[in-house]
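Accompanying notes for the structure given below.
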Amino acid sequence: MPVKRRVRASAPMSEQDQALAEEEAAKRRGEMLTLFLKDKVAKEERSSTLNLHKLNTQWQAVLREAKDKELRRDIEILSQTFSRVMDCKDGVIESLVMELEEAEEQHARALRSHLQNLDGLLQLQEERMGCLEESYNAQLRALQAEFEAERRTILEQHQRESHHLRALVLAAEQNRAESNQEVTLNFQSARDELKNKSLQEKQYTRLQLGGRVEELWDHFQRALRSYTEASEPQKIAFKALKRKDEKSAREIEMQARRLQKLQDLVAATKGRMAAHLRESEEQTRRAREEKERALRHLQELKIEMNQARVKARGDLVKLTVQSGAALKALKQVVEKARRILRLAEMCRKLETEEEKVLPFYLSSLAKGEQQDAQHILEEPPEEPLARAVWDYVGLEKFWQRFNKVKLEEKALEKEREALSRRNRHLRELLGQYLEGISVSQEVLNKPNSLFIVQHKICVPRDVPHGGRDPA
């Protein structure tokens, strides 16, 4: 029995170990699978990176080749354009050299005529200057003679007036000396009289006032002694009261100063309190106003920001629409330009040497007519259509060449029509000739000069083609 229990107890342990072993094996398989997947993912990433690098390299090579072909085509086009432009420039330079030579000749002729005119003008000016110099000398001599006569007259008059003025000055000095002497004598006599009179009055007044002053001094001394004797007790009391009054005055003054200080302190404190109160009220009012102003400004800024946001959104939408339209228009313009360049290259291949050298036809107008036309073109236009055309003045050369091509096309059409008419006429003549030398049903059906006698056809209408008479 104990052996059986031990076996039964070991059976559950083996199942648990097996489950643990299976779990560990599954875990190891999961780890191995994870490692394998990670390794595979890393390999895939490396291979994808390598393939992407190869694709980029090949794509760059393809792009380089395409760009190289495009650049080579552009270089060919530019070289052809450059050669055409150089041919045009050479033609223009030759024409400008000829115009420059003609202008130099005209300038030389104009300079010679100008120098001749200057010589004539100088000669006329010299003759005129000679006449003016003679008239000037005559007038100068007349003025000198008149000046000398007037100068002599003025000098004589000046001498006479000088003598007269010297006599008047001498007489005035004599009169002034006599009057000064009389005034001095009168002043001295009056001064002596006044001095004697004042001395007499002074002596008399001194005698009168001397006795009066002595009497008054004696009376003053007696009154002073009686007053001193009577007021001695009052004087002592007055001194005591004075000392007491001075002491009281000092105390009153101290109390008054202390009271004044307290009143000043109270007034200053009240003033500071009132000032602080006013400042606090002012600060509160300013803060309230600043707050209201800031709130108003904030509301305005919010409104402006909303308006700007709406406007920016509208501008963005408009700009997007316009940019899309501009891109489409630019694509159309680029396509049109490419088509024009291709057509220009095709036309360039069909140009003759003369057209390559001189692409623009010479004007049939005279020089004066050309200058008038150039002056009219340089004037600013007034009509709306003319102002619209004024913006395309730079296409003048293009229109000249276009008009030249159009004229050539019209001329070729005219020539083609003439050749067609001539060809038809020759075909008619050839047909008539062939009809005259051959006989067919169609020829017999038509009036023929060889079978018409007196406007009648000699061959019957029912004769078959190539048939003979049985007789």
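Ligands are numbered from 1 in the order shown, residues from 1 within each chain, and chains are lettered A, B, ... in the order they appear in the structure tokens.
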For range 336-352 of chain A: contacts at 12 Å, only C-alpha atoms, fewer than 2 positions along chain excluded, given as a short mmCIF file (atom, residue, chain, number, x, y, z; two decimals) with N, CA and C atoms, in the first residue's frame:
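out-v1.cif written:
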data_model
loop_
_atom_site.label_atom_id
_atom_site.label_comp_id
_atom_site.auth_asym_id
_atom_site.auth_seq_id
_atom_site.Cartn_x
_atom_site.Cartn_y
_atom_site.Cartn_z
N ARG A 73 19.86 69.66 -76.39
CA ARG A 73 18.89 70.30 -77.28
C ARG A 73 18.85 71.81 -77.05
N ASP A 74 18.84 72.20 -75.76
CA ASP A 74 18.85 73.63 -75.46
C ASP A 74 20.09 74.30 -76.01
N GLU A 76 21.89 73.31 -78.59
CA GLU A 76 21.75 73.43 -80.04
C GLU A 76 20.83 74.59 -80.42
N ILE A 77 19.70 74.64 -79.71
CA ILE A 77 18.76 75.74 -79.99
C ILE A 77 19.42 77.09 -79.72
N LEU A 78 20.13 77.17 -78.58
CA LEU A 78 20.79 78.43 -78.24
C LEU A 78 21.91 78.76 -79.23
N SER A 79 22.63 77.72 -79.68
CA SER A 79 23.69 77.98 -80.66
C SER A 79 23.09 78.49 -81.97
N GLN A 80 21.99 77.85 -82.41
CA GLN A 80 21.34 78.33 -83.62
C GLN A 80 20.79 79.74 -83.43
N THR A 81 20.16 79.95 -82.27
CA THR A 81 19.66 81.31 -81.98
C THR A 81 20.80 82.31 -81.95
N SER A 83 23.72 82.04 -83.46
CA SER A 83 24.23 82.29 -84.81
C SER A 83 23.29 83.22 -85.57
N ARG A 84 21.96 83.01 -85.41
CA ARG A 84 21.01 83.89 -86.07
C ARG A 84 21.12 85.31 -85.54
N VAL A 85 21.23 85.43 -84.22
CA VAL A 85 21.37 86.77 -83.64
C VAL A 85 22.66 87.42 -84.09
N ALA A 329 -2.15 79.46 -66.63
CA ALA A 329 -1.80 80.39 -67.71
C ALA A 329 -0.32 80.28 -68.07
N LEU A 330 0.53 80.11 -67.03
CA LEU A 330 1.96 79.98 -67.31
C LEU A 330 2.26 78.69 -68.06
N LYS A 331 1.56 77.61 -67.68
CA LYS A 331 1.74 76.37 -68.42
C LYS A 331 1.34 76.54 -69.88
N GLN A 332 0.20 77.22 -70.09
CA GLN A 332 -0.22 77.48 -71.46
C GLN A 332 0.79 78.34 -72.20
N VAL A 333 1.31 79.37 -71.48
CA VAL A 333 2.32 80.25 -72.11
C VAL A 333 3.59 79.47 -72.42
N VAL A 334 4.01 78.61 -71.49
CA VAL A 334 5.22 77.81 -71.72
C VAL A 334 5.01 76.86 -72.90
N GLU A 354 20.06 84.81 -97.45
CA GLU A 354 19.74 86.24 -97.40
C GLU A 354 18.82 86.55 -96.23
N GLU A 355 17.84 85.69 -95.98
CA GLU A 355 16.94 85.91 -94.84
C GLU A 355 17.65 85.74 -93.52
N LYS A 356 18.65 84.84 -93.45
CA LYS A 356 19.42 84.70 -92.22
C LYS A 356 20.25 85.94 -91.93
N VAL A 357 20.79 86.55 -92.98
CA VAL A 357 21.62 87.75 -92.79
C VAL A 357 20.75 88.98 -92.56
N LEU A 358 19.71 89.15 -93.40
CA LEU A 358 18.82 90.30 -93.28
C LEU A 358 17.40 89.79 -93.06
N PRO A 359 17.03 89.51 -91.81
CA PRO A 359 15.69 88.96 -91.56
C PRO A 359 14.57 89.97 -91.73
N PHE A 398 9.05 91.70 -84.59
CA PHE A 398 8.30 90.46 -84.86
C PHE A 398 7.22 90.71 -85.90
N ARG A 401 8.68 91.04 -89.35
CA ARG A 401 9.00 89.75 -89.94
C ARG A 401 7.72 88.98 -90.29
N PHE A 402 6.73 89.08 -89.41
CA PHE A 402 5.46 88.42 -89.68
C PHE A 402 4.81 88.99 -90.93
N VAL A 405 6.59 87.70 -93.94
CA VAL A 405 6.17 86.33 -94.27
C VAL A 405 4.78 86.33 -94.89
#
